[in-house]
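Source file: work-v2.txt. Holds: compact mmCIF, C-alpha atoms.
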```
# COMPACT_ATOMS: atom_id res chain seq x y z
CA MET A 1 199.68 -52.75 16.53
CA PHE A 2 203.26 -51.52 16.84
CA LEU A 3 204.36 -53.57 13.83
CA THR A 4 201.42 -52.36 11.80
CA LEU A 5 202.23 -48.74 12.55
CA PHE A 6 205.94 -49.36 11.94
CA ARG A 7 205.36 -50.90 8.50
CA LYS A 8 202.93 -48.12 7.55
CA GLU A 9 205.34 -45.38 8.61
CA VAL A 10 208.30 -47.00 6.85
CA LEU A 11 206.31 -47.35 3.63
CA LEU A 12 205.11 -43.76 3.79
CA GLN A 13 208.63 -42.47 4.40
CA LEU A 14 210.15 -44.60 1.63
CA LEU A 15 207.65 -43.16 -0.84
CA SER A 16 208.17 -39.58 0.33
CA SER A 17 210.20 -36.96 -1.49
CA ARG A 18 212.27 -36.41 1.66
CA PHE A 19 213.58 -39.96 1.52
CA VAL A 20 214.44 -39.66 -2.17
CA PHE A 21 216.16 -36.35 -1.49
CA SER A 22 218.14 -37.89 1.39
CA VAL A 23 219.28 -40.82 -0.74
CA VAL A 24 220.29 -38.61 -3.68
CA ILE A 25 222.14 -36.04 -1.58
CA GLY A 26 223.83 -38.61 0.64
CA THR A 27 224.88 -40.81 -2.28
CA LEU A 28 226.20 -37.91 -4.36
CA LEU A 29 228.22 -36.48 -1.47
CA LEU A 30 229.60 -39.76 -0.12
CA THR A 31 230.50 -41.24 -3.51
CA GLY A 32 231.88 -37.91 -4.73
CA SER A 33 234.04 -37.44 -1.65
CA SER A 34 235.19 -41.07 -1.84
CA TRP A 35 236.21 -40.64 -5.47
CA VAL A 36 238.33 -37.58 -4.63
CA LEU A 37 239.81 -39.08 -1.46
CA LEU A 38 240.60 -42.34 -3.28
CA HIS A 39 242.69 -40.34 -5.73
CA ASP A 40 244.46 -38.56 -2.87
CA HIS A 41 244.95 -41.84 -1.04
CA GLY A 42 246.59 -43.36 -4.09
CA ASP A 43 248.96 -40.37 -4.24
CA ASP A 44 249.73 -40.80 -0.52
CA VAL A 45 250.54 -44.49 -0.93
CA ARG A 46 252.83 -43.85 -3.91
CA SER A 47 254.54 -40.94 -2.12
CA TYR A 48 255.06 -43.05 1.00
CA ARG A 49 256.72 -45.85 -0.98
CA GLN A 50 258.91 -43.37 -2.82
CA PHE A 51 259.92 -41.42 0.27
CA GLU A 52 260.50 -44.54 2.37
CA ALA A 53 262.90 -45.97 -0.25
CA GLU A 54 264.60 -42.60 -0.73
CA HIS A 55 265.02 -41.95 2.98
CA ALA A 56 266.43 -45.46 3.48
CA ARG A 57 269.08 -44.74 0.82
CA GLN A 58 269.93 -41.41 2.45
CA ILE A 59 270.84 -42.88 5.86
CA GLY A 60 274.36 -41.74 6.68
CA SER A 61 274.79 -39.88 3.36
CA TYR A 62 274.05 -36.34 4.56
CA GLU A 63 276.78 -33.70 4.39
CA THR A 64 277.85 -33.31 8.02
CA GLY A 65 281.58 -32.72 7.80
CA ALA A 66 282.21 -35.91 9.81
CA ASP A 67 285.41 -37.83 9.06
CA THR A 68 283.98 -41.33 9.69
CA PRO A 69 280.83 -43.18 8.52
CA LEU A 70 279.67 -43.52 12.12
CA GLY A 71 280.12 -39.78 12.69
CA ALA A 72 278.13 -39.01 9.54
CA LEU A 73 275.43 -41.42 10.65
CA SER A 74 275.36 -39.97 14.16
CA MET A 75 275.04 -36.34 13.06
CA GLY A 76 273.15 -36.83 9.79
CA GLY A 77 270.60 -39.18 11.31
CA ARG A 78 267.69 -40.37 9.21
CA ILE A 79 264.06 -39.64 8.27
CA VAL A 80 261.24 -42.01 9.23
CA ASP A 81 257.83 -42.07 7.54
CA ARG A 82 254.30 -43.04 8.50
CA ARG A 83 252.42 -45.46 6.28
CA PRO A 84 249.02 -44.10 5.10
CA PRO A 85 246.19 -45.63 7.17
CA GLU A 86 244.12 -48.07 5.12
CA LEU A 87 240.86 -46.17 5.79
CA ALA A 88 242.24 -42.74 4.90
CA PHE A 89 240.37 -43.03 1.59
CA LEU A 90 237.13 -42.63 3.55
CA ILE A 91 238.02 -40.29 6.43
CA SER A 92 240.89 -37.83 6.20
CA GLY A 93 240.93 -36.75 9.87
CA VAL A 94 244.16 -35.05 10.91
CA TYR A 95 246.37 -37.42 8.91
CA ARG A 96 246.96 -35.13 5.93
CA ALA A 97 247.17 -31.97 8.02
CA LEU A 98 249.91 -33.15 10.42
CA PRO A 99 253.52 -34.26 9.71
CA LYS A 100 253.92 -37.78 8.33
CA SER A 101 257.75 -37.76 8.33
CA PHE A 102 260.25 -36.91 11.07
CA TRP A 103 264.00 -36.38 11.00
CA LEU A 104 266.09 -37.59 13.94
CA SER A 105 269.73 -38.03 14.81
CA ASN A 106 271.87 -39.31 17.64
CA PHE A 107 271.05 -36.38 19.95
CA ASP A 108 268.43 -34.28 18.17
CA GLY A 109 264.88 -34.64 16.94
CA PRO A 110 262.36 -35.79 16.17
CA THR A 111 261.88 -32.81 13.87
CA PRO A 112 258.81 -32.77 11.59
CA GLU A 113 259.51 -32.79 7.87
CA THR A 114 257.20 -30.68 5.71
CA ASN A 115 256.15 -32.18 2.40
CA LEU A 116 255.78 -29.40 -0.18
CA VAL A 117 254.86 -31.55 -3.16
CA GLY A 118 251.35 -31.70 -4.60
CA ASN A 119 248.66 -29.35 -5.80
CA ARG A 120 248.29 -26.46 -3.34
CA LEU A 121 244.76 -25.67 -4.56
CA ARG A 122 243.59 -28.93 -3.03
CA GLU A 123 244.29 -27.39 0.37
CA LEU A 124 242.14 -24.38 -0.52
CA PHE A 125 239.26 -26.46 -1.87
CA ALA A 126 239.58 -29.49 0.38
CA ALA A 127 237.18 -32.34 -0.34
CA VAL A 128 234.61 -33.24 2.28
CA ASP A 129 234.96 -36.71 3.77
CA PHE A 130 232.74 -39.30 5.42
CA ARG A 131 232.93 -37.57 8.80
CA PHE A 132 231.62 -34.29 7.37
CA VAL A 133 228.91 -35.86 5.19
CA VAL A 134 227.50 -37.97 8.02
CA GLY A 135 228.23 -35.55 10.86
CA VAL A 136 226.79 -32.47 9.16
CA ILE A 137 224.67 -33.37 6.11
CA PHE A 138 223.03 -36.57 7.32
CA SER A 139 222.35 -35.13 10.78
CA LEU A 140 220.56 -32.23 9.10
CA LEU A 141 218.59 -34.68 6.94
CA ALA A 142 217.64 -36.54 10.13
CA LEU A 143 216.09 -33.35 11.51
CA LEU A 144 214.28 -32.66 8.24
CA LEU A 145 212.78 -36.14 8.36
CA SER A 146 211.58 -35.92 11.95
CA TYR A 147 210.86 -32.29 12.93
CA ASP A 148 207.13 -32.62 12.03
CA ALA A 149 206.69 -36.30 12.80
CA ILE A 150 204.14 -35.61 15.57
CA ASN A 151 202.84 -32.08 15.10
CA GLY A 152 202.54 -32.62 11.35
CA GLU A 153 200.24 -35.57 12.01
CA ARG A 154 198.22 -33.47 14.46
CA GLN A 155 197.95 -30.58 12.01
CA SER A 156 196.73 -32.81 9.18
CA GLY A 157 194.30 -34.64 11.45
CA THR A 158 195.79 -38.09 10.88
CA LEU A 159 197.00 -38.36 14.49
CA LYS A 160 193.44 -38.15 15.85
CA LEU A 161 192.30 -40.65 13.24
CA THR A 162 195.11 -43.06 14.12
CA LEU A 163 194.32 -42.86 17.81
CA THR A 164 190.71 -43.87 17.21
CA ASN A 165 192.19 -47.35 16.80
CA PRO A 166 193.39 -49.34 19.84
CA VAL A 167 196.81 -47.65 19.91
CA SER A 168 198.35 -45.51 22.63
CA LEU A 169 200.39 -42.34 22.27
CA ARG A 170 203.42 -44.24 23.56
CA THR A 171 203.09 -46.94 20.91
CA PHE A 172 202.63 -44.29 18.26
CA LEU A 173 205.80 -42.51 19.43
CA PHE A 174 207.84 -45.75 19.48
CA ALA A 175 206.65 -46.64 15.99
CA LYS A 176 207.52 -43.17 14.69
CA TRP A 177 210.97 -43.27 16.25
CA ALA A 178 211.79 -46.78 15.02
CA SER A 179 210.48 -46.16 11.49
CA LEU A 180 212.35 -42.88 11.06
CA ASN A 181 215.60 -44.48 12.21
CA ALA A 182 215.03 -47.43 9.89
CA VAL A 183 214.36 -45.19 6.88
CA LEU A 184 217.38 -42.99 7.60
CA ALA A 185 219.53 -46.11 8.08
CA ILE A 186 218.45 -47.33 4.63
CA ALA A 187 219.42 -43.99 3.05
CA PHE A 188 222.75 -43.95 4.88
CA LEU A 189 223.67 -47.58 4.16
CA LEU A 190 222.85 -47.20 0.46
CA ALA A 191 225.23 -44.24 0.18
CA PHE A 192 227.83 -45.89 2.41
CA LEU A 193 227.90 -49.17 0.48
CA LEU A 194 228.08 -47.39 -2.86
CA SER A 195 231.06 -45.33 -1.68
CA LEU A 196 232.77 -48.51 -0.46
CA GLY A 197 232.03 -50.14 -3.80
CA LEU A 198 234.15 -47.45 -5.46
CA ALA A 199 237.04 -48.33 -3.15
CA LEU A 200 237.00 -52.00 -4.19
CA PHE A 201 238.04 -50.99 -7.72
CA SER A 202 240.98 -48.89 -6.53
CA PRO A 203 244.44 -50.55 -6.53
CA ALA A 204 245.51 -48.25 -3.69
CA VAL A 205 242.98 -49.80 -1.29
CA SER A 206 243.66 -53.17 0.30
CA LEU A 207 241.36 -53.79 3.23
CA SER A 208 242.43 -56.22 5.93
CA GLY A 209 240.12 -58.09 8.27
CA ALA A 210 240.78 -55.46 10.93
CA GLY A 211 239.95 -52.75 8.40
CA MET A 212 236.60 -54.38 7.60
CA LEU A 213 235.82 -54.60 11.31
CA ARG A 214 236.67 -50.92 11.73
CA LEU A 215 234.33 -50.07 8.85
CA ALA A 216 231.52 -52.00 10.53
CA LEU A 217 232.14 -50.15 13.82
CA ILE A 218 232.20 -46.80 11.99
CA ALA A 219 228.86 -47.61 10.34
CA ALA A 220 227.30 -48.65 13.66
CA ILE A 221 228.48 -45.48 15.43
CA SER A 222 227.19 -43.40 12.52
CA LEU A 223 223.72 -44.91 12.88
CA LEU A 224 223.79 -44.21 16.63
CA TYR A 225 224.86 -40.63 15.93
CA LEU A 226 222.02 -40.13 13.42
CA ALA A 227 219.57 -41.55 15.96
CA VAL A 228 220.47 -38.61 18.22
CA PHE A 229 219.14 -36.12 15.67
CA VAL A 230 216.11 -38.22 14.74
CA THR A 231 215.21 -38.23 18.44
CA LEU A 232 215.90 -34.51 18.71
CA GLY A 233 213.50 -33.91 15.80
CA LEU A 234 210.85 -35.99 17.54
CA LEU A 235 211.36 -34.01 20.75
CA VAL A 236 210.83 -30.60 19.12
CA SER A 237 207.86 -32.08 17.25
CA THR A 238 206.20 -32.87 20.58
CA ILE A 239 207.13 -29.53 22.16
CA PHE A 240 205.87 -27.25 19.36
CA ARG A 241 202.36 -27.62 17.99
CA ASP A 242 203.30 -26.02 14.68
CA PRO A 243 206.03 -27.49 12.41
CA TYR A 244 207.58 -24.14 11.50
CA PRO A 245 208.66 -23.10 15.02
CA ALA A 246 209.75 -26.73 15.50
CA VAL A 247 212.14 -26.70 12.55
CA SER A 248 213.54 -23.31 13.65
CA ALA A 249 214.22 -24.60 17.17
CA ALA A 250 215.69 -27.84 15.81
CA LEU A 251 218.08 -25.95 13.54
CA LEU A 252 219.18 -23.71 16.41
CA VAL A 253 220.02 -26.72 18.59
CA TRP A 254 221.69 -28.40 15.59
CA VAL A 255 224.00 -25.41 15.08
CA LEU A 256 224.96 -25.47 18.76
CA LEU A 257 225.63 -29.22 18.84
CA VAL A 258 227.38 -29.51 15.48
CA TYR A 259 229.31 -26.26 15.14
CA VAL A 260 229.46 -24.07 18.24
CA ILE A 261 230.37 -26.55 21.00
CA PRO A 262 232.85 -28.72 19.02
CA GLY A 263 234.46 -25.63 17.50
CA ALA A 264 234.96 -24.01 20.90
CA ALA A 265 236.35 -27.16 22.58
CA PRO A 266 239.98 -26.90 21.30
CA TYR A 267 240.23 -23.24 22.31
CA LEU A 268 238.76 -23.87 25.76
CA ALA A 269 241.14 -26.80 26.21
CA ALA A 270 244.12 -24.58 25.28
CA MET A 271 243.02 -22.03 27.88
CA ARG A 272 243.14 -24.67 30.63
CA GLU A 273 246.23 -26.47 29.31
CA PRO A 274 248.61 -24.29 27.22
CA GLU A 275 249.62 -25.82 23.93
CA PRO A 276 253.26 -26.98 23.90
CA ASP A 277 255.81 -24.76 22.17
CA TYR A 278 257.84 -26.83 19.69
CA VAL A 279 260.54 -24.17 19.22
CA ARG A 280 261.10 -23.88 22.96
CA THR A 281 261.20 -27.67 23.30
CA ALA A 282 263.73 -27.97 20.46
CA THR A 283 265.93 -25.33 22.09
CA ALA A 284 265.72 -27.05 25.48
CA ARG A 285 266.63 -30.48 24.16
CA GLN A 286 269.64 -29.11 22.29
CA ASP A 287 270.99 -27.62 25.53
CA ARG A 288 274.19 -29.45 26.52
CA LEU A 289 273.54 -28.47 30.14
CA GLY A 290 276.37 -25.93 30.19
CA TYR A 291 279.15 -28.30 29.05
CA ASP A 292 281.67 -26.92 26.56
CA TYR A 293 284.19 -29.20 24.88
CA ARG A 294 286.91 -26.52 24.64
CA GLU A 295 286.54 -25.46 28.27
CA ILE A 296 286.84 -29.06 29.43
CA ARG A 297 289.99 -29.51 27.34
CA LYS A 298 291.44 -26.31 28.78
CA SER A 299 290.87 -27.61 32.29
CA TYR A 300 292.87 -30.76 31.49
CA LEU A 301 295.68 -28.68 29.96
CA ALA A 302 295.70 -26.56 33.11
CA ARG A 303 296.40 -29.72 35.11
CA GLY A 304 299.65 -30.20 33.21
CA LEU A 305 298.54 -32.80 30.65
CA SER A 306 299.98 -32.69 27.18
CA LYS A 307 297.75 -31.66 24.27
CA LYS A 308 297.37 -35.27 23.17
CA GLU A 309 296.56 -36.47 26.68
CA ALA A 310 294.13 -33.57 27.25
CA THR A 311 292.31 -34.34 23.98
CA ALA A 312 292.02 -38.04 24.86
CA ALA A 313 290.81 -37.26 28.41
CA THR A 314 288.28 -34.74 27.09
CA ARG A 315 286.89 -37.24 24.59
CA LYS A 316 286.57 -39.86 27.30
CA TYR A 317 284.86 -37.45 29.69
CA TRP A 318 282.56 -36.23 26.91
CA SER A 319 281.59 -39.79 25.98
CA GLU A 320 281.14 -41.14 29.49
CA VAL A 321 279.64 -38.12 31.28
CA VAL A 322 278.35 -35.41 28.95
CA GLU A 323 276.69 -37.54 26.26
CA PRO A 324 274.60 -39.64 28.70
CA LEU A 325 273.44 -36.48 30.48
CA TRP A 326 272.69 -34.82 27.16
CA ALA A 327 270.77 -37.88 25.94
CA ALA A 328 268.72 -37.95 29.15
CA ASN A 329 267.95 -34.23 28.72
CA VAL A 330 266.76 -34.77 25.14
CA ALA A 331 264.57 -37.72 26.16
CA ARG A 332 263.12 -35.81 29.12
CA ASN A 333 262.21 -32.74 27.06
CA ASN A 334 260.70 -34.83 24.28
CA GLU A 335 258.65 -36.81 26.77
CA GLN A 336 257.38 -33.63 28.44
CA PHE A 337 256.47 -32.20 25.03
CA LEU A 338 254.52 -35.31 24.03
CA ASN A 339 252.80 -35.52 27.42
CA GLN A 340 251.67 -31.92 27.17
CA LYS A 341 250.34 -32.52 23.66
CA SER A 342 248.49 -35.57 24.94
CA ARG A 343 246.92 -33.59 27.80
CA VAL A 344 245.72 -30.89 25.39
CA VAL A 345 244.14 -33.51 23.13
CA GLU A 346 242.47 -35.35 25.99
CA ARG A 347 241.11 -32.14 27.53
CA GLY A 348 239.74 -31.02 24.17
CA ARG A 349 238.27 -34.47 23.64
CA SER A 350 236.52 -34.33 27.01
CA LEU A 351 235.01 -30.93 26.21
CA ALA A 352 233.98 -31.93 22.68
CA ARG A 353 232.07 -34.95 24.03
CA VAL A 354 229.44 -32.53 25.31
CA SER A 355 228.40 -32.37 21.65
CA PRO A 356 227.23 -35.43 19.68
CA TYR A 357 229.26 -34.24 16.68
CA GLY A 358 232.40 -33.93 18.80
CA GLY A 359 232.05 -37.46 20.15
CA PHE A 360 231.19 -38.83 16.71
CA SER A 361 234.22 -37.13 15.12
CA PHE A 362 236.63 -38.49 17.72
CA ALA A 363 235.12 -41.97 17.47
CA VAL A 364 235.25 -42.38 13.68
CA THR A 365 238.67 -40.77 13.24
CA GLU A 366 240.18 -42.96 15.96
CA LEU A 367 238.61 -46.07 14.44
CA ALA A 368 239.94 -45.06 11.01
CA LEU A 369 243.39 -44.41 12.59
CA VAL A 370 243.44 -40.84 11.27
CA GLY A 371 242.71 -39.09 14.57
CA ALA A 372 244.83 -37.04 16.95
CA GLY A 373 245.32 -40.05 19.23
CA GLU A 374 246.86 -42.18 16.49
CA GLN A 375 249.10 -39.29 15.43
CA LEU A 376 250.37 -39.03 19.00
CA ARG A 377 251.03 -42.77 19.08
CA PHE A 378 253.05 -42.40 15.87
CA GLU A 379 255.09 -39.55 17.35
CA ARG A 380 255.74 -41.57 20.50
CA ALA A 381 256.92 -44.45 18.34
CA VAL A 382 259.29 -42.06 16.55
CA GLU A 383 260.69 -40.90 19.91
CA ARG A 384 261.19 -44.51 21.03
CA TYR A 385 262.98 -45.21 17.78
CA ARG A 386 265.20 -42.14 18.29
CA ARG A 387 266.33 -43.65 21.57
CA THR A 388 266.97 -46.98 19.84
CA PHE A 389 268.98 -45.13 17.20
CA HIS A 390 271.01 -43.40 19.94
CA GLU A 391 271.71 -46.71 21.67
CA PHE A 392 272.81 -48.21 18.36
CA ILE A 393 275.30 -45.37 17.80
CA ARG A 394 276.67 -45.77 21.34
CA GLU A 395 277.09 -49.52 20.85
CA GLN A 396 278.96 -49.00 17.59
CA GLN A 397 281.22 -46.43 19.25
CA ALA A 398 281.98 -48.86 22.09
CA LEU A 399 282.83 -51.57 19.55
CA GLY A 400 285.15 -49.20 17.68
CA ARG A 401 283.26 -49.56 14.40
CA ASP A 402 283.62 -45.92 13.40
CA LYS A 403 284.69 -46.85 9.88
CA GLU A 404 283.00 -50.25 9.41
CA VAL A 405 279.39 -49.34 10.22
CA ARG A 406 276.95 -49.26 7.29
CA ALA A 407 273.51 -47.78 6.75
CA SER A 408 272.07 -51.29 6.45
CA ASP A 409 273.16 -51.97 10.04
CA VAL A 410 270.78 -49.32 11.38
CA PRO A 411 267.70 -50.85 13.10
CA PRO A 412 264.55 -50.40 10.97
CA PHE A 413 261.71 -48.17 12.07
CA ARG A 414 258.36 -49.91 12.52
CA PHE A 415 255.02 -48.44 13.49
CA GLU A 416 252.13 -50.85 13.54
CA SER A 417 248.59 -49.59 13.93
CA ARG A 418 246.52 -51.13 16.66
CA ALA A 419 244.06 -53.90 15.98
CA ALA A 420 240.42 -52.92 15.66
CA ALA A 421 239.12 -52.22 19.15
CA GLY A 422 235.68 -50.92 20.01
CA GLN A 423 236.75 -50.25 23.60
CA ASP A 424 238.79 -47.27 22.37
CA VAL A 425 235.57 -45.35 21.71
CA LEU A 426 233.33 -46.72 24.46
CA VAL A 427 233.02 -43.31 26.13
CA GLU A 428 231.92 -41.67 22.87
CA VAL A 429 229.39 -44.45 22.25
CA ALA A 430 228.05 -44.10 25.80
CA VAL A 431 227.66 -40.32 25.39
CA LEU A 432 225.81 -40.70 22.08
CA ALA A 433 223.51 -43.32 23.62
CA ALA A 434 222.91 -40.96 26.56
CA PHE A 435 221.84 -38.20 24.14
CA VAL A 436 219.37 -40.59 22.48
CA LEU A 437 217.99 -41.68 25.85
CA LEU A 438 217.73 -38.10 27.12
CA PHE A 439 215.93 -36.75 24.04
CA PHE A 440 213.64 -39.77 23.80
CA SER A 441 212.74 -39.62 27.50
CA ALA A 442 211.82 -35.95 27.15
CA ALA A 443 209.76 -36.69 24.04
CA PHE A 444 208.07 -39.60 25.83
CA VAL A 445 207.09 -37.41 28.79
CA LYS A 446 205.73 -34.72 26.43
CA MET A 447 203.85 -37.33 24.44
CA LEU A 448 202.01 -38.58 27.53
CA ARG A 449 200.44 -35.11 27.86
CA TYR A 450 200.13 -34.38 24.14
CA ASP A 451 196.94 -32.67 23.01
CA VAL A 452 195.90 -34.30 19.74
CA ARG A 453 193.21 -31.67 19.03
```
How does this structure look as structure tokens?
Amino acid sequence: MFLTLFRKEVLLQLLSSRFVFSVVIGTLLLTGSSWVLLHDHGDDVRSYRQFEAEHARQIGSYETGADTPLGALSMGGRIVDRRPPELAFLISGVYRALPKSFWLSNFDGPTPETNLVGNRLRELFAAVDFRFVVGVIFSLLALLLSYDAINGERQSGTLKLTLTNPVSLRTFLFAKWASLNAVLAIAFLLAFLLSLGLALFSPAVSLSGAGMLRLALIAAISLLYLAVFVTLGLLVSTIFRDPYPAVSAALLVWVLLVYVIPGAAPYLAAMREPEPDYVRTATARQDRLGYDYREIRKSYLARGLSKKEATAATRKYWSEVVEPLWAANVARNNEQFLNQKSRVVERGRSLARVSPYGGFSFAVTELALVGAGEQLRFERAVERYRRTFHEFIREQQALGRDKEVRASDVPPFRFESRAAAGQDVLVEVAVLAAFVLLFFSAAFVKMLRYDVR
């Protein structure tokens, strides 16, 4: 009987205007956003290649006033760039909003570089992406499909007629839930596959095996997320006998879960854990801990050393004592800054998980490598490279290669994205599943006492 009801419900939904509306809206929005983001992704890839080559040529060529190539390299430093994530054509996340290039030198940085090229109106009229279309539009469509699934049947009299057959209220509820999820999955997958089809014709997109796996995980989490709102619609349909109060209540809960709670999470997190101050951190790391080159030289002159001997002793003291302490101070302040940023992100993530949309957003952006976590990993990689760069300069100084060192000798910067890993979003998946279980359990309990008259 379950299969009979399931097939009947699926057929009815597929022939309904709501399903056609869902397919049309979802397809138009997903394919339209993919077309725009594919264009932006192509620009990002070309800009990255151009900037990476340009910044490689600029190593050691900055005007610093240094009298040796090593001095110019030490003070001028270099700029490192982040490669555009391969799934940024689908989900923009925080990738385009946060710095993608950082300047660093022997003792300073990383300092974010701001890219001012491009059309500024795109920032004003930013294109929606997969996360918005699924998280907002499809979740609303899920409610519109399910808010009258039970009370609508009661109102039309078909529920009483159905129950004259050997079928229980529980079986009816299971069949409704499964069929609505199946129909919504069809609408979503049609739009999703069409948007991916556009990407296959773009030269800027080259999907690896890990990228395909990430896409599969993103699709699976999206279906689980939509199941939350299908189940919510079923719940309000069992609570309210009339469809109109049901849709009003469903929309109120939808606004809370999709907009209010996720929007408040970053601000609540900042209240518990103050956001790090970049200017203060930059000032602290540039502090030479009270050491002054001229004062040190004066102290050697006061001991009776000649000017030449005092200069040589000061340089030795500066190299052996001051520079290591200064380097440790820079590393310590940078590490504290990154740790504080990480705590703010994690606290906000924990608060946002209270909402299905918050958990869904974190999950898909992390899987697409355009989330706050991946940005922090990139910035930590830049800081590790800054230390490598500092060690390289110190080694060249110890070898006396002040004039022989070349830009090509500088160690390259590499930042490799992680392999596809579902365990990174296990908490978000568990929370979404808990929402489905909670809403369905409540609907099940209400259905056991449902008055079909």
**Prompt:** So, counting all atoms listed in the file, which residue among A:Ile79, A:Leu399, A:Val247, A:Val260 is closest to Leu234 of chain A?
**Reply:**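 The shortest atom-to-atom distance to Leu234 of chain A comes from A:Val247.
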**Prompt:** With all atoms listed in the file as the atoms that count, which of A:Tyr293, A:Tyr259, A:Phe360, A:Phe107 lies nearest to Pro324 of chain A?
**Reply:**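 Looking only at the distances to Pro324 of chain A, the closest residue turns out to be A:Phe107.
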**Request:** Would you please work out which residue, of A:Glu395, A:Glu113, A:Glu346, A:Glu52, is nearest to Asp409 of chain A when using all atoms listed in the file?
**Result:**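 The answer is A:Glu395, which sits nearest to Asp409 of chain A.
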**Asked** With all atoms listed in the file as the basis for distance, which of A:Met75, A:Lys176, A:Asn181, A:Asn334 is at the shortest distance from Glu379 of chain A?
**Response**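 Of all the options, A:Asn334 lies closest to Glu379 of chain A.
Taking atom CA of Leu70 of chain A and atom CA of Lys403 of chain A as the two end points, the separation is 6.4 Å.
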**For Leu268 of chain A, the nearest of the candidates A:Arg349, A:Arg384, A:His55, A:Arg18, counting all atoms listed in the file** =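 Selected residue with least distance to Leu268 of chain A: A:Arg349.
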**Nearby residues (all atoms listed in the file) at most 10 Å from Glu416 of chain A, same-chain spacing under 3 positions excluded, as a PyMOL selection string** = chain A and resi 82-83+377-378+381+419
Selection from above, C-alpha atoms, as a PDB file, in the frame of the given file, can you write it?
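As a result, out_3.pdb now contains:
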```
ATOM      1  CA  ARG A  82     254.300 -43.040   8.500  1.00  0.00           C
ATOM      2  CA  ARG A  83     252.420 -45.460   6.280  1.00  0.00           C
ATOM      3  CA  ARG A 377     251.030 -42.770  19.080  1.00  0.00           C
ATOM      4  CA  PHE A 378     253.050 -42.400  15.870  1.00  0.00           C
ATOM      5  CA  ALA A 381     256.920 -44.450  18.340  1.00  0.00           C
ATOM      6  CA  ALA A 419     244.060 -53.900  15.980  1.00  0.00           C
TER       7      ALA A 419
END
```
Repaired coordinates for segment 71-75 of chain A (all heavy atoms) as a PDB file, in the frame of the given file:
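After the write, selection_19.pdb holds the following:
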```
ATOM      1  N   GLY A  71     280.344 -41.182  12.377  1.00  0.00           N
ATOM      2  CA  GLY A  71     280.120 -39.780  12.690  1.00  0.00           C
ATOM      3  C   GLY A  71     279.060 -39.166  11.782  1.00  0.00           C
ATOM      4  O   GLY A  71     278.204 -38.405  12.234  1.00  0.00           O
ATOM      5  N   ALA A  72     279.132 -39.519  10.477  1.00  0.00           N
ATOM      6  CA  ALA A  72     278.130 -39.010   9.540  1.00  0.00           C
ATOM      7  C   ALA A  72     276.752 -39.550   9.882  1.00  0.00           C
ATOM      8  O   ALA A  72     275.745 -38.839   9.806  1.00  0.00           O
ATOM      9  CB  ALA A  72     278.513 -39.406   8.113  1.00  0.00           C
ATOM     10  N   LEU A  73     276.700 -40.814  10.276  1.00  0.00           N
ATOM     11  CA  LEU A  73     275.430 -41.420  10.650  1.00  0.00           C
ATOM     12  C   LEU A  73     274.878 -40.797  11.927  1.00  0.00           C
ATOM     13  O   LEU A  73     273.684 -40.528  12.046  1.00  0.00           O
ATOM     14  CB  LEU A  73     275.624 -42.922  10.841  1.00  0.00           C
ATOM     15  CG  LEU A  73     274.381 -43.759  11.123  1.00  0.00           C
ATOM     16  CD1 LEU A  73     273.413 -43.674   9.961  1.00  0.00           C
ATOM     17  CD2 LEU A  73     274.774 -45.208  11.369  1.00  0.00           C
ATOM     18  N   SER A  74     275.766 -40.532  12.883  1.00  0.00           N
ATOM     19  CA  SER A  74     275.360 -39.970  14.160  1.00  0.00           C
ATOM     20  C   SER A  74     274.787 -38.566  13.999  1.00  0.00           C
ATOM     21  O   SER A  74     273.744 -38.236  14.556  1.00  0.00           O
ATOM     22  CB  SER A  74     276.546 -39.942  15.121  1.00  0.00           C
ATOM     23  OG  SER A  74     276.216 -39.274  16.317  1.00  0.00           O
ATOM     24  N   MET A  75     275.466 -37.732  13.216  1.00  0.00           N
ATOM     25  CA  MET A  75     275.040 -36.340  13.060  1.00  0.00           C
ATOM     26  C   MET A  75     273.977 -36.182  11.977  1.00  0.00           C
ATOM     27  O   MET A  75     273.066 -35.368  12.103  1.00  0.00           O
ATOM     28  CB  MET A  75     276.246 -35.462  12.750  1.00  0.00           C
ATOM     29  CG  MET A  75     277.216 -35.322  13.917  1.00  0.00           C
ATOM     30  SD  MET A  75     278.553 -34.159  13.589  1.00  0.00           S
ATOM     31  CE  MET A  75     279.574 -35.129  12.473  1.00  0.00           C
TER      32      MET A  75
END
```
